[in-house]
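Participant: File follows, my_file.cif with mmCIF, C-alpha atoms and all ligand atoms:
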```cif
data_work
loop_
_atom_site.label_atom_id
_atom_site.label_comp_id
_atom_site.auth_asym_id
_atom_site.auth_seq_id
_atom_site.Cartn_x
_atom_site.Cartn_y
_atom_site.Cartn_z
CA MET A 1 36.35 -217.86 54.00
CA GLU A 2 38.35 -216.88 50.96
CA ARG A 3 37.24 -217.68 47.41
CA ARG A 4 39.45 -217.75 44.32
CA VAL A 5 37.88 -217.05 40.89
CA LYS A 6 39.67 -217.27 37.55
CA GLY A 7 38.69 -215.73 34.24
CA CYS A 8 36.79 -218.36 32.24
CA ALA A 9 36.59 -219.18 28.52
CA SER A 10 32.83 -219.26 28.39
CA LEU A 11 29.62 -218.95 30.45
CA ARG A 12 26.77 -221.23 29.40
CA GLY A 13 23.63 -222.68 30.90
CA GLU A 14 20.31 -222.16 32.65
CA ILE A 15 19.79 -220.79 36.11
CA ALA A 16 16.76 -220.58 38.39
CA PRO A 17 17.60 -217.86 40.93
CA PRO A 18 16.63 -218.48 44.58
CA GLY A 19 13.27 -217.28 45.88
CA ASP A 20 12.86 -213.53 46.27
CA LYS A 21 14.15 -212.29 49.62
CA SER A 22 11.87 -209.25 49.92
CA ILE A 23 8.72 -211.23 49.09
CA SER A 24 9.72 -214.09 51.43
CA HIS A 25 10.10 -211.74 54.44
CA ARG A 26 6.71 -210.19 53.74
CA ALA A 27 4.92 -213.46 53.00
CA VAL A 28 5.94 -214.98 56.33
CA ILE A 29 5.34 -211.84 58.43
CA LEU A 30 1.95 -210.96 56.95
CA ASN A 31 0.71 -214.56 57.05
CA SER A 32 1.74 -214.69 60.74
CA ILE A 33 -0.64 -211.77 61.38
CA ALA A 34 -3.42 -213.58 59.48
CA TRP A 35 -5.41 -216.29 61.15
CA GLY A 36 -4.85 -219.80 59.74
CA ARG A 37 -2.48 -221.91 57.66
CA ALA A 38 -0.43 -220.74 54.68
CA LYS A 39 2.07 -222.51 52.43
CA LEU A 40 5.03 -220.56 51.00
CA GLU A 41 6.77 -222.31 48.10
CA ASN A 42 10.29 -221.42 46.94
CA PHE A 43 10.92 -219.50 50.19
CA ALA A 44 14.24 -217.60 49.99
CA PRO A 45 17.03 -219.88 51.27
CA GLY A 46 19.31 -217.08 52.59
CA ASP A 47 20.11 -216.37 56.22
CA ASP A 48 18.21 -213.04 56.19
CA CYS A 49 14.79 -214.63 55.75
CA PHE A 50 15.56 -217.29 58.35
CA ALA A 51 16.34 -214.49 60.80
CA THR A 52 12.74 -213.36 60.27
CA VAL A 53 11.50 -216.94 60.71
CA SER A 54 13.43 -217.33 64.03
CA CYS A 55 12.04 -214.04 65.37
CA LEU A 56 8.47 -215.01 64.45
CA ARG A 57 8.92 -218.41 66.11
CA ALA A 58 10.10 -216.60 69.26
CA LEU A 59 6.85 -214.59 69.06
CA GLY A 60 4.81 -217.81 69.11
CA VAL A 61 4.26 -218.54 65.42
CA GLU A 62 4.56 -222.19 64.39
CA ILE A 63 6.61 -222.43 61.20
CA ILE A 64 7.71 -225.69 59.58
CA LYS A 65 10.24 -225.90 56.75
CA GLU A 66 10.39 -228.86 54.38
CA HIS A 67 12.35 -228.82 51.08
CA GLY A 68 12.13 -225.08 50.47
CA VAL A 69 8.42 -225.00 51.42
CA LEU A 70 7.41 -223.17 54.57
CA THR A 71 4.13 -223.96 56.26
CA LEU A 72 2.98 -221.63 58.97
CA SER A 73 -0.02 -221.14 61.21
CA GLY A 74 -0.84 -217.46 61.49
CA VAL A 75 -1.78 -216.46 65.03
CA GLY A 76 -4.08 -213.53 64.16
CA ARG A 77 -3.69 -209.97 65.40
CA GLU A 78 -3.91 -210.87 69.08
CA GLY A 79 -2.01 -214.16 69.12
CA PHE A 80 1.63 -213.05 69.38
CA ARG A 81 3.33 -213.73 72.72
CA GLU A 82 6.07 -211.83 74.52
CA PRO A 83 9.51 -213.19 73.53
CA THR A 84 11.48 -214.59 76.47
CA ASP A 85 14.78 -213.31 75.08
CA VAL A 86 16.22 -210.61 72.84
CA LEU A 87 15.15 -211.07 69.18
CA ASN A 88 18.08 -211.30 66.77
CA ALA A 89 17.60 -209.96 63.24
CA ARG A 90 21.25 -210.93 62.46
CA ASN A 91 22.30 -209.08 59.24
CA SER A 92 18.79 -208.30 58.06
CA ALA A 93 17.51 -204.72 58.04
CA THR A 94 14.24 -205.90 56.49
CA THR A 95 13.70 -208.14 59.53
CA ILE A 96 14.34 -205.50 62.19
CA ARG A 97 12.41 -202.74 60.42
CA LEU A 98 9.33 -204.74 59.41
CA LEU A 99 9.15 -206.47 62.80
CA ALA A 100 9.43 -203.10 64.57
CA GLY A 101 6.18 -202.11 62.84
CA LEU A 102 4.52 -205.27 64.17
CA LEU A 103 6.01 -205.11 67.68
CA ALA A 104 5.05 -201.45 68.15
CA ALA A 105 1.43 -202.62 68.32
CA GLN A 106 1.81 -205.71 70.56
CA PRO A 107 0.92 -205.57 74.27
CA PHE A 108 4.37 -206.58 75.50
CA LEU A 109 8.05 -205.66 75.61
CA SER A 110 10.50 -206.68 72.87
CA ILE A 111 14.16 -205.94 72.31
CA VAL A 112 15.57 -206.46 68.82
CA THR A 113 19.23 -206.51 67.93
CA GLY A 114 21.43 -207.70 65.08
CA ASP A 115 25.02 -208.28 64.02
CA GLU A 116 27.71 -205.59 63.97
CA SER A 117 26.72 -204.36 60.50
CA LEU A 118 23.01 -204.16 61.35
CA ARG A 119 23.77 -202.33 64.60
CA SER A 120 25.23 -199.48 62.52
CA ARG A 121 22.18 -199.08 60.23
CA PRO A 122 19.87 -196.06 60.60
CA MET A 123 16.72 -196.58 62.65
CA GLY A 124 15.79 -192.94 63.39
CA ARG A 125 13.78 -192.86 60.13
CA LEU A 126 11.65 -195.67 61.60
CA ILE A 127 11.50 -194.58 65.24
CA HIS A 128 10.27 -191.09 64.36
CA PRO A 129 7.06 -192.03 62.45
CA LEU A 130 6.30 -194.96 64.77
CA ARG A 131 6.38 -192.52 67.70
CA LEU A 132 4.03 -190.23 65.78
CA MET A 133 1.69 -193.24 65.67
CA GLY A 134 1.96 -193.47 69.46
CA ALA A 135 4.61 -196.19 69.71
CA GLU A 136 6.98 -196.46 72.64
CA ILE A 137 10.22 -197.31 70.90
CA TRP A 138 13.82 -196.47 71.73
CA GLY A 139 17.19 -197.11 70.11
CA ARG A 140 20.85 -196.83 70.92
CA GLY A 141 22.76 -193.67 69.90
CA GLY A 142 19.99 -191.20 70.75
CA ASP A 143 17.25 -193.33 69.17
CA SER A 144 19.12 -193.78 65.93
CA LEU A 145 20.59 -197.31 66.00
CA PRO A 146 19.79 -200.90 67.05
CA PRO A 147 19.23 -202.55 69.44
CA LEU A 148 15.65 -201.34 69.59
CA ALA A 149 13.51 -201.58 72.72
CA ILE A 150 9.78 -201.58 72.03
CA ARG A 151 6.89 -201.53 74.46
CA GLY A 152 3.79 -202.14 72.40
CA ASN A 153 0.93 -199.69 72.50
CA GLN A 154 -2.41 -198.82 70.93
CA LEU A 155 -1.37 -196.95 67.77
CA LYS A 156 -3.20 -194.29 65.79
CA GLY A 157 -3.15 -193.67 62.04
CA ILE A 158 -0.98 -190.86 60.63
CA ASP A 159 -0.39 -188.96 57.37
CA TYR A 160 3.29 -189.29 56.65
CA HIS A 161 5.72 -188.24 53.91
CA LEU A 162 8.65 -190.66 53.83
CA PRO A 163 11.97 -188.77 53.85
CA VAL A 164 13.53 -191.51 51.64
CA ALA A 165 12.10 -193.95 49.09
CA SER A 166 12.50 -196.98 51.35
CA ALA A 167 10.31 -200.05 51.01
CA GLN A 168 11.43 -201.26 54.42
CA LEU A 169 10.23 -198.09 56.07
CA LYS A 170 7.01 -197.99 54.06
CA SER A 171 6.30 -201.64 54.91
CA ALA A 172 7.02 -201.18 58.63
CA LEU A 173 4.50 -198.32 58.75
CA LEU A 174 1.90 -200.28 56.76
CA ILE A 175 2.24 -203.20 59.19
CA ALA A 176 1.88 -200.86 62.18
CA ALA A 177 -1.09 -199.22 60.44
CA LEU A 178 -2.92 -202.57 60.30
CA PHE A 179 -3.25 -202.34 64.09
CA ALA A 180 -3.87 -198.58 64.38
CA GLN A 181 -7.06 -196.64 65.07
CA GLY A 182 -7.95 -194.61 61.98
CA GLU A 183 -6.57 -194.48 58.46
CA THR A 184 -2.83 -194.12 57.68
CA THR A 185 -1.60 -192.43 54.53
CA ILE A 186 1.97 -192.66 53.30
CA GLU A 187 3.51 -190.56 50.54
CA GLU A 188 6.79 -191.75 49.00
CA PRO A 189 9.29 -189.43 47.26
CA ALA A 190 9.54 -192.08 44.48
CA PRO A 191 7.97 -195.53 44.09
CA SER A 192 9.83 -198.26 46.00
CA ARG A 193 9.15 -202.01 45.79
CA ASP A 194 5.45 -202.70 46.30
CA HIS A 195 5.44 -206.35 47.44
CA THR A 196 3.80 -205.48 50.78
CA GLU A 197 0.94 -203.67 49.07
CA ARG A 198 0.36 -206.57 46.64
CA LEU A 199 0.29 -209.17 49.42
CA LEU A 200 -1.89 -207.06 51.70
CA ARG A 201 -4.42 -206.64 48.92
CA ALA A 202 -4.39 -210.40 48.21
CA MET A 203 -5.07 -210.97 51.94
CA GLY A 204 -8.10 -208.73 51.94
CA ALA A 205 -6.66 -205.51 53.45
CA LYS A 206 -8.32 -202.20 52.57
CA LEU A 207 -5.56 -200.44 50.68
CA GLN A 208 -5.68 -197.69 48.09
CA CYS A 209 -2.63 -196.85 46.00
CA ASP A 210 -2.53 -193.75 43.86
CA GLY A 211 0.90 -193.11 42.35
CA THR A 212 3.24 -192.55 45.28
CA ARG A 213 0.41 -192.26 47.84
CA ILE A 214 -0.94 -195.21 49.81
CA ALA A 215 -3.91 -195.18 52.18
CA LEU A 216 -4.61 -198.09 54.52
CA THR A 217 -7.71 -198.60 56.63
CA PRO A 218 -7.06 -200.82 59.68
CA TYR A 219 -8.35 -204.34 59.31
CA THR A 220 -10.36 -206.70 61.41
CA SER A 221 -8.76 -209.84 60.00
CA LEU A 222 -6.37 -210.75 57.19
CA SER A 223 -6.93 -213.99 55.23
CA PRO A 224 -3.91 -216.26 54.91
CA VAL A 225 -2.59 -216.63 51.38
CA ASP A 226 -0.43 -219.38 49.84
CA VAL A 227 2.40 -217.85 47.84
CA CYS A 228 4.64 -219.35 45.17
CA ILE A 229 7.59 -216.99 45.53
CA PRO A 230 9.26 -215.94 42.25
CA GLY A 231 13.03 -216.04 41.71
CA ASP A 232 14.84 -212.99 43.04
CA ILE A 233 15.62 -210.44 40.30
CA SER A 234 18.40 -209.12 42.57
CA SER A 235 20.06 -212.57 42.44
CA ALA A 236 19.28 -213.07 38.73
CA ALA A 237 21.00 -209.73 38.06
CA PHE A 238 24.46 -211.25 38.72
CA TRP A 239 23.99 -213.62 35.78
CA LEU A 240 22.47 -210.93 33.56
CA VAL A 241 25.55 -208.73 34.05
CA ALA A 242 27.95 -211.71 33.83
CA GLY A 243 26.39 -212.71 30.48
CA ALA A 244 26.47 -209.16 29.13
CA ILE A 245 30.13 -208.41 29.96
CA HIS A 246 31.69 -211.82 29.24
CA PRO A 247 32.88 -212.10 25.61
CA ASN A 248 31.59 -215.66 25.17
CA ALA A 249 28.35 -216.11 27.08
CA ARG A 250 24.76 -217.25 26.75
CA ILE A 251 22.74 -217.68 29.96
CA LYS A 252 19.05 -218.34 30.39
CA VAL A 253 17.48 -217.16 33.66
CA LEU A 254 14.27 -218.98 34.56
CA LYS A 255 11.28 -217.59 36.46
CA ALA A 256 12.62 -214.36 37.91
CA GLY A 257 10.36 -211.66 39.31
CA VAL A 258 10.00 -208.67 36.96
CA ASN A 259 7.87 -206.44 39.16
CA PRO A 260 8.29 -202.93 37.63
CA THR A 261 9.33 -201.51 41.03
CA ARG A 262 12.32 -203.92 40.98
CA SER A 263 13.22 -204.29 37.31
CA GLY A 264 15.41 -201.19 36.86
CA ILE A 265 18.42 -203.41 36.11
CA ILE A 266 16.64 -204.78 33.01
CA ASP A 267 15.92 -201.24 31.78
CA VAL A 268 19.52 -200.15 32.40
CA LEU A 269 21.07 -203.15 30.67
CA LEU A 270 18.81 -202.58 27.65
CA GLN A 271 19.69 -198.87 27.72
CA MET A 272 23.38 -199.92 27.65
CA GLY A 273 22.75 -202.05 24.56
CA ALA A 274 22.71 -205.50 26.20
CA LYS A 275 21.52 -208.46 24.14
CA LEU A 276 18.84 -209.27 26.68
CA ARG A 277 15.49 -210.88 25.85
CA VAL A 278 12.65 -211.02 28.34
CA GLU A 279 10.40 -213.98 27.47
CA ASN A 280 7.29 -215.73 28.64
CA GLU A 281 6.04 -212.93 30.92
CA ARG A 282 3.26 -214.16 33.18
CA MET A 283 1.70 -213.59 36.62
CA ASP A 284 2.49 -215.95 39.49
CA GLY A 285 1.44 -215.46 43.11
CA GLY A 286 0.30 -211.89 42.39
CA GLU A 287 3.69 -210.89 40.96
CA PRO A 288 4.88 -210.64 37.32
CA VAL A 289 7.59 -213.21 36.44
CA ALA A 290 9.52 -213.95 33.25
CA ASP A 291 12.41 -215.92 31.76
CA MET A 292 15.37 -214.02 30.34
CA VAL A 293 18.16 -214.79 27.91
CA ILE A 294 21.36 -212.77 28.00
CA GLU A 295 24.26 -212.97 25.55
CA SER A 296 27.67 -211.32 25.26
CA SER A 297 27.07 -207.67 24.46
CA ASP A 298 28.89 -204.51 23.40
CA LEU A 299 27.77 -202.15 26.14
CA VAL A 300 27.77 -198.38 26.04
CA GLY A 301 27.93 -196.11 29.10
CA THR A 302 24.77 -194.62 30.58
CA GLN A 303 23.45 -192.20 33.21
CA ILE A 304 21.26 -193.33 36.07
CA ALA A 305 19.63 -191.11 38.72
CA GLY A 306 16.32 -190.01 40.25
CA SER A 307 13.35 -192.35 40.44
CA LEU A 308 15.26 -195.15 38.67
CA ILE A 309 17.52 -195.58 41.73
CA PRO A 310 14.97 -197.26 44.08
CA ARG A 311 14.08 -199.63 41.21
CA LEU A 312 17.63 -201.06 41.19
CA ILE A 313 18.99 -200.01 44.58
CA ASP A 314 20.56 -203.41 45.31
CA GLU A 315 22.01 -203.80 41.80
CA ILE A 316 24.14 -200.63 41.75
CA PRO A 317 27.49 -202.40 42.40
CA LEU A 318 26.64 -204.51 39.33
CA VAL A 319 25.87 -201.40 37.26
CA ALA A 320 29.35 -200.14 38.22
CA LEU A 321 30.86 -203.44 37.02
CA ALA A 322 28.88 -203.32 33.75
CA GLY A 323 29.96 -199.68 33.31
CA SER A 324 33.62 -200.74 33.55
CA PHE A 325 33.10 -202.90 30.46
CA ALA A 326 31.09 -200.33 28.52
CA ARG A 327 32.30 -197.87 25.92
CA GLY A 328 32.31 -194.35 27.41
CA THR A 329 31.35 -193.15 30.86
CA THR A 330 28.63 -194.36 33.20
CA THR A 331 27.35 -191.99 35.88
CA ILE A 332 25.34 -193.01 38.94
CA ARG A 333 23.78 -190.18 41.03
CA ASP A 334 21.14 -189.84 43.78
CA ALA A 335 22.24 -193.14 45.32
CA GLN A 336 23.38 -191.84 48.75
CA GLU A 337 21.22 -194.53 50.40
CA LEU A 338 23.94 -196.99 49.38
CA ARG A 339 26.15 -195.47 52.09
CA VAL A 340 23.93 -197.09 54.75
CA LYS A 341 23.44 -200.61 53.36
CA GLU A 342 25.16 -203.79 54.63
CA SER A 343 28.38 -201.86 53.90
CA ASP A 344 29.03 -198.37 52.57
CA ARG A 345 28.32 -199.71 49.09
CA ILE A 346 29.60 -196.63 47.27
CA GLY A 347 32.98 -196.56 49.06
CA ALA A 348 33.36 -200.35 49.06
CA THR A 349 32.41 -200.81 45.39
CA VAL A 350 34.79 -198.07 44.26
CA ARG A 351 37.63 -199.42 46.40
CA GLU A 352 37.27 -203.10 45.50
CA LEU A 353 36.56 -202.74 41.76
CA SER A 354 39.49 -200.27 41.54
CA THR A 355 41.72 -202.90 43.20
CA LEU A 356 40.79 -205.25 40.36
CA GLY A 357 41.70 -202.62 37.75
CA ALA A 358 38.52 -200.57 37.19
CA ASP A 359 38.67 -196.78 36.81
CA ILE A 360 35.97 -195.26 39.05
CA ASP A 361 35.60 -191.86 40.73
CA GLU A 362 33.66 -191.73 43.97
CA LEU A 363 30.92 -189.11 44.42
CA PRO A 364 29.03 -188.41 47.66
CA ASP A 365 25.86 -189.84 46.09
CA GLY A 366 27.22 -192.20 43.45
CA MET A 367 30.14 -192.80 41.09
CA ILE A 368 31.56 -192.05 37.67
CA ILE A 369 32.82 -195.16 35.91
CA HIS A 370 35.27 -194.74 33.05
CA GLY A 371 34.56 -197.72 30.83
CA GLY A 372 36.64 -199.78 28.44
CA ARG A 373 39.18 -200.94 31.05
CA LYS A 374 40.25 -204.57 31.29
CA LEU A 375 40.13 -205.95 34.83
CA GLU A 376 43.34 -207.60 36.00
CA GLY A 377 42.13 -209.42 39.12
CA GLY A 378 43.72 -209.11 42.56
CA VAL A 379 42.99 -209.55 46.26
CA CYS A 380 39.77 -207.92 47.42
CA SER A 381 37.21 -208.01 50.23
CA SER A 382 33.43 -208.35 50.34
CA HIS A 383 33.29 -206.06 53.41
CA ARG A 384 31.00 -208.88 54.66
CA ASP A 385 28.39 -207.59 52.23
CA HIS A 386 26.65 -210.35 50.23
CA ARG A 387 25.99 -208.23 47.16
CA LEU A 388 29.58 -207.04 47.00
CA ALA A 389 30.91 -210.61 47.41
CA MET A 390 28.84 -211.73 44.40
CA THR A 391 29.71 -208.65 42.30
CA LEU A 392 33.41 -209.40 42.90
CA GLY A 393 32.82 -213.05 41.99
CA ILE A 394 31.37 -211.99 38.63
CA ALA A 395 34.25 -209.51 38.14
CA GLY A 396 36.63 -212.45 38.71
CA LEU A 397 35.08 -214.35 35.79
CA VAL A 398 36.00 -211.56 33.37
CA ALA A 399 39.37 -210.55 34.84
CA ARG A 400 42.68 -211.58 33.23
CA GLY A 401 44.37 -212.88 36.38
CA GLU A 402 43.09 -214.58 39.51
CA THR A 403 40.70 -212.78 41.89
CA VAL A 404 40.82 -213.63 45.60
CA ILE A 405 37.72 -212.58 47.55
CA HIS A 406 37.93 -212.41 51.34
CA ASP A 407 34.78 -212.96 53.44
CA ALA A 408 33.18 -214.68 50.46
CA GLU A 409 30.75 -216.59 52.73
CA ALA A 410 28.66 -213.39 52.95
CA VAL A 411 26.73 -214.68 49.90
CA ALA A 412 24.73 -216.82 52.37
CA MET A 413 22.60 -213.80 53.34
CA SER A 414 20.62 -213.98 50.10
CA TYR A 415 22.10 -216.63 47.78
CA PRO A 416 23.78 -219.54 49.62
CA SER A 417 24.36 -221.58 46.41
CA PHE A 418 25.94 -218.66 44.51
CA TRP A 419 29.47 -220.14 44.32
CA GLN A 420 28.12 -223.54 43.21
CA ASP A 421 25.99 -221.86 40.50
CA LEU A 422 29.04 -219.90 39.36
CA GLU A 423 31.04 -223.14 39.01
CA ARG A 424 28.17 -224.79 37.14
CA LEU A 425 27.87 -222.02 34.51
CA THR A 426 31.60 -221.66 34.00
CA ILE A 427 33.55 -223.40 31.25
CA TYR A 428 37.33 -222.96 31.70
CA GLY A 429 38.83 -224.76 28.67
CA ILE A 430 37.67 -223.94 25.12
C1 LIG B 501 14.25 -204.00 50.82
C2 LIG B 501 14.32 -202.66 50.55
C3 LIG B 501 15.56 -201.95 50.21
C4 LIG B 501 16.63 -202.94 49.74
C5 LIG B 501 16.75 -204.12 50.66
C6 LIG B 501 15.43 -204.88 50.72
C7 LIG B 501 12.96 -204.58 51.21
O1 LIG B 501 16.03 -201.27 51.35
O2 LIG B 501 17.88 -202.28 49.65
O3 LIG B 501 17.76 -205.01 50.20
O4 LIG B 501 12.81 -205.82 51.21
O5 LIG B 501 12.06 -203.80 51.53
P1 LIG B 501 15.47 -199.82 51.78
O6 LIG B 501 14.05 -199.96 52.17
O7 LIG B 501 16.33 -199.41 52.95
O8 LIG B 501 15.66 -198.96 50.58
#
```
What would you get if you wrote out this structure as structure tokens?
Ligand code: S3P
Facilitator:
Amino acid sequence: MERRVKGCASLRGEIAPPGDKSISHRAVILNSIAWGRAKLENFAPGDDCFATVSCLRALGVEIIKEHGVLTLSGVGREGFREPTDVLNARNSATTIRLLAGLLAAQPFLSIVTGDESLRSRPMGRLIHPLRLMGAEIWGRGGDSLPPLAIRGNQLKGIDYHLPVASAQLKSALLIAALFAQGETTIEEPAPSRDHTERLLRAMGAKLQCDGTRIALTPYTSLSPVDVCIPGDISSAAFWLVAGAIHPNARIKVLKAGVNPTRSGIIDVLLQMGAKLRVENERMDGGEPVADMVIESSDLVGTQIAGSLIPRLIDEIPLVALAGSFARGTTTIRDAQELRVKESDRIGATVRELSTLGADIDELPDGMIIHGGRKLEGGVCSSHRDHRLAMTLGIAGLVARGETVIHDAEAVAMSYPSFWQDLERLTIYGI
């Protein structure tokens, strides 16, 4: 599907972003391992989380969806059944990686695959530590790519230093560790999102976190927990950047998660001089949430690198867009992980924003954005990457001419109502 976006006179209104994708995956997987019923409100509506739901159903978990509320009956650690067919994680790396941690400990055979993009995503980083735990797990391409074949086994705890700050990898190992004999400790190079740790603690798991080190003692049983899932900061971020770079904007974002391991985009926008107010901070479902108001801002360029990167890993295409509208230069380093996301997000962001008129140099691990350029619009592609499709949609709102986005339906992975929300906030005439 192709989508056409025109520059608009003004952006105004309130927006409640869809439920958080990362928390939704974890809430449904961990409650499936618990024994008993759980209710998940504001479950993420995107295709990625429903890939997880389909796989869990194929493993024998009863899950009912009614008006954005998921009710499930956890089967307990021994209640999963062998799937009768290949499990399909579709476009979702969180699904395949977190489920691999679970399947590695089940007494049956599973094969997990995904779409063309997922089948090119690195799995060696997962296969290696799971094998150290005693898992029998294989992948295509010399054990580096999906599909994965897993014959479940009795696992043992390990001490492991993650080679990358990846919450998917950390979570997969924590899930496997629930079923292992002996303690597992995991050391991260930098803190990544900690939703798994928060939920596990709420469910009664024995978990100790000390900076970047986590120790988990295997459990006998997890208690189910009802979760009211906060709005996804990664979806809210599109409106925060839209409001900051549009010359006539005021947008209020309601009830978005502001977990410090995810809120790097707020810090960066403030660092760039954005007129952004974070209001009404509170705790909901074990996670900090807040409302935010963003207004048209005069941004200045900034530098981002190091431990900030995992805190805004999914928002980097948006930082590049914001940098194009800032005074001076914006530099992004240490973000080589973006090369192995749903697309090569460094190459694709540089190519597509440049097509629209931005001035960006590509680096192996990031980009240098020369700010102060007006975007002209043009014909561009999402590379079937949801976050790129939405970044280009926002770029279209601030470009002079028309922007045509190919493969715009990719937004459905995390934010199916994105194009409707964009229309709703947009005022074309003055
Ligand atoms: C996610 C972790 C990140 C992020 C992805 C969701 C998660 O990936 O990019 O969109 O839910 O754990 P990595 O773990 O590969 O960094």
Participant: As a list in words, please: the residues near range 276-289 of chain A (cut-off 6 Å, all atoms listed in the file, same-chain neighbours under 4 positions excluded).
Facilitator: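 Counting only the stated atoms, we get Val227, Cys228, Lys255, Ala256, Gly257, Val258, Asn259, Val293 and Ile294 of chain A.
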Participant: I'd like the neighbourhood of range 145-155 of chain A as a PyMOL selection string, where a residue qualifies if any of its atoms comes within 8 Å (using all atoms listed in the file), though same-chain residues fewer than 4 positions away should be ignored.
Facilitator: chain A and resi 100+103-114+118-124+133-141+176-177+179-181
Participant: Taking all atoms listed in the file into account, name the residue in A:Ser417, A:Thr94, A:Ser234, A:Ser10 that is nearest to ligand LIG 501 (chain B).
Facilitator: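 Answer, going by the shortest atom-to-atom distance: A:Thr94.
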Participant: Just the residues within 9 Å of range 28-31 of chain A, please, counting all atoms listed in the file, with nothing from its chain fewer than 2 positions along; format it as JSON, numbers by chain.
Facilitator: {"A": [23, 24, 25, 26, 33, 34, 35, 36, 37, 38, 40, 49, 52, 53, 56, 63, 70, 72, 73, 74, 75, 76, 98, 99, 102, 175, 196, 199, 200, 203, 222, 223, 224, 225, 226]}
Participant: Arg333 in chain A: which residues within 6 Å, counting all atoms listed in the file, same-chain residues fewer than 2 positions away excluded, as number ranges by chain?
Facilitator: A: 305, 335, 365-366
Participant: Each residue of chain A with at least one atom at most 8 Å from ligand LIG 501 (chain B) should appear once, together with its nearest atom pair and the corresponding distance in Å (one decimal); atoms considered: all atoms listed in the file; ordering: chain, then increasing residue number; output as CSV.
Facilitator:
```
residue,atom,partner,partner_atom,distance
A:Lys21,CA,B:LIG501,O4,6.8
A:Ser22,CA,B:LIG501,O4,3.8
A:Ile23,CA,B:LIG501,O4,7.1
A:His25,CA,B:LIG501,O4,7.3
A:Arg26,CA,B:LIG501,O4,7.9
A:Ala93,CA,B:LIG501,C5,7.4
A:Thr94,CA,B:LIG501,O4,5.5
A:Val164,CA,B:LIG501,O8,7.8
A:Ala165,CA,B:LIG501,O8,6.3
A:Ser166,CA,B:LIG501,O6,3.5
A:Ala167,CA,B:LIG501,O6,3.9
A:Gln168,CA,B:LIG501,O6,3.7
A:Leu169,CA,B:LIG501,O6,5.8
A:Lys170,CA,B:LIG501,O6,7.6
A:Ser171,CA,B:LIG501,O5,7.0
A:Ser192,CA,B:LIG501,O8,7.4
A:Arg193,CA,B:LIG501,O5,6.7
A:Pro310,CA,B:LIG501,O8,6.8
A:Ile313,CA,B:LIG501,O2,5.7
A:Asp314,CA,B:LIG501,O2,5.2
A:Glu337,CA,B:LIG501,O8,7.1
A:Lys341,CA,B:LIG501,O2,6.9
```
Participant: Please compute the CA of Ser343 in chain A-CA of Asp385 in chain A distance, one decimal, in Å.
Facilitator: 6.0 Å
Participant: Quick one: distance from CA of Ile233 in chain A to CA of Glu315 in chain A in Å, one decimal?
Facilitator: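 A separation of 9.3 Å between them.
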Participant: Each residue of range 225-295 of chain A with at least one atom at most 8 Å from range 397-408 of chain A should appear once, together with its nearest atom pair and the corresponding distance in Å (one decimal); atoms considered: only C-alpha atoms; ordering: chain, then increasing residue number; output as JSON lines.
Facilitator:
```
{"residue": "A:Ala242", "atom": "CA", "partner": "A:Leu397", "partner_atom": "CA", "distance": 7.9}
{"residue": "A:Ile245", "atom": "CA", "partner": "A:Val398", "partner_atom": "CA", "distance": 7.5}
{"residue": "A:His246", "atom": "CA", "partner": "A:Val398", "partner_atom": "CA", "distance": 6.0}
```
Participant: Interatomic distance between CA of Glu14 in chain A and CA of Arg387 in chain A?
Facilitator: 20.9 Å
Participant: Which residues, written as a list in words, have at least one atom at most 10 Å from Tyr415 in chain A, with all atoms listed in the file counted and residues fewer than 2 positions away on the same chain left out?
Facilitator: Pro17, Pro18, Gly19, Asp20, Lys21, Ala44, Pro45, Gly46, Asp47, Asp48, Asp232, Ser234, Ser235, His386, Arg387, Met390, Glu409, Ala410, Val411, Ala412, Met413, Ser417, Phe418, Trp419 and Asp421 of chain A
Participant: Using only C-alpha atoms, list the residues that have an atom at most 12 Å from (0.1, -193.4, 43.5), coordinates as in the file, as a list in words.
Facilitator: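 Protein, DNA and RNA residues close to (0.1, -193.4, 43.5): Thr185, Ile186, Glu187, Glu188, Pro189, Ala190, Pro191, Ser192, Asp194, Glu197, Leu207, Gln208, Cys209, Asp210, Gly211, Thr212, Arg213, Ile214 and Ala215 of chain A.
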Participant: Let me know the centre plus edge lengths, in Å and rounded to one decimal, of a box with edges along x, y and z that contains all listed atoms of range 137-142 of chain A and is padded by 3 Å on every side, as AutoDock Vina command-line options.
Facilitator:
```
--center_x 16.5 --center_y -194.3 --center_z 70.8 --size_x 18.5 --size_y 12.1 --size_z 7.8
```
Participant: Using only C-alpha atoms - which residues lie no farther than 10 Å from the point (12.1, -215.7, 66.0) in the file's frame? Write them as number ranges by chain.
Facilitator: A: 50-61, 63, 83, 85-89
Participant: So which one's closest to Lys275 in chain A, A:Ser297, A:Thr184, A:Asn42, A:Thr329? Using all atoms listed in the file, please.
Facilitator: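 The shortest atom-to-atom distance to Lys275 in chain A comes from A:Ser297.
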Participant: Quick one: of A:Pro163, A:Pro317, A:Pro218, A:Gly142, who's nearest to Pro129 in chain A, counting all atoms listed in the file?
Facilitator: A:Pro163
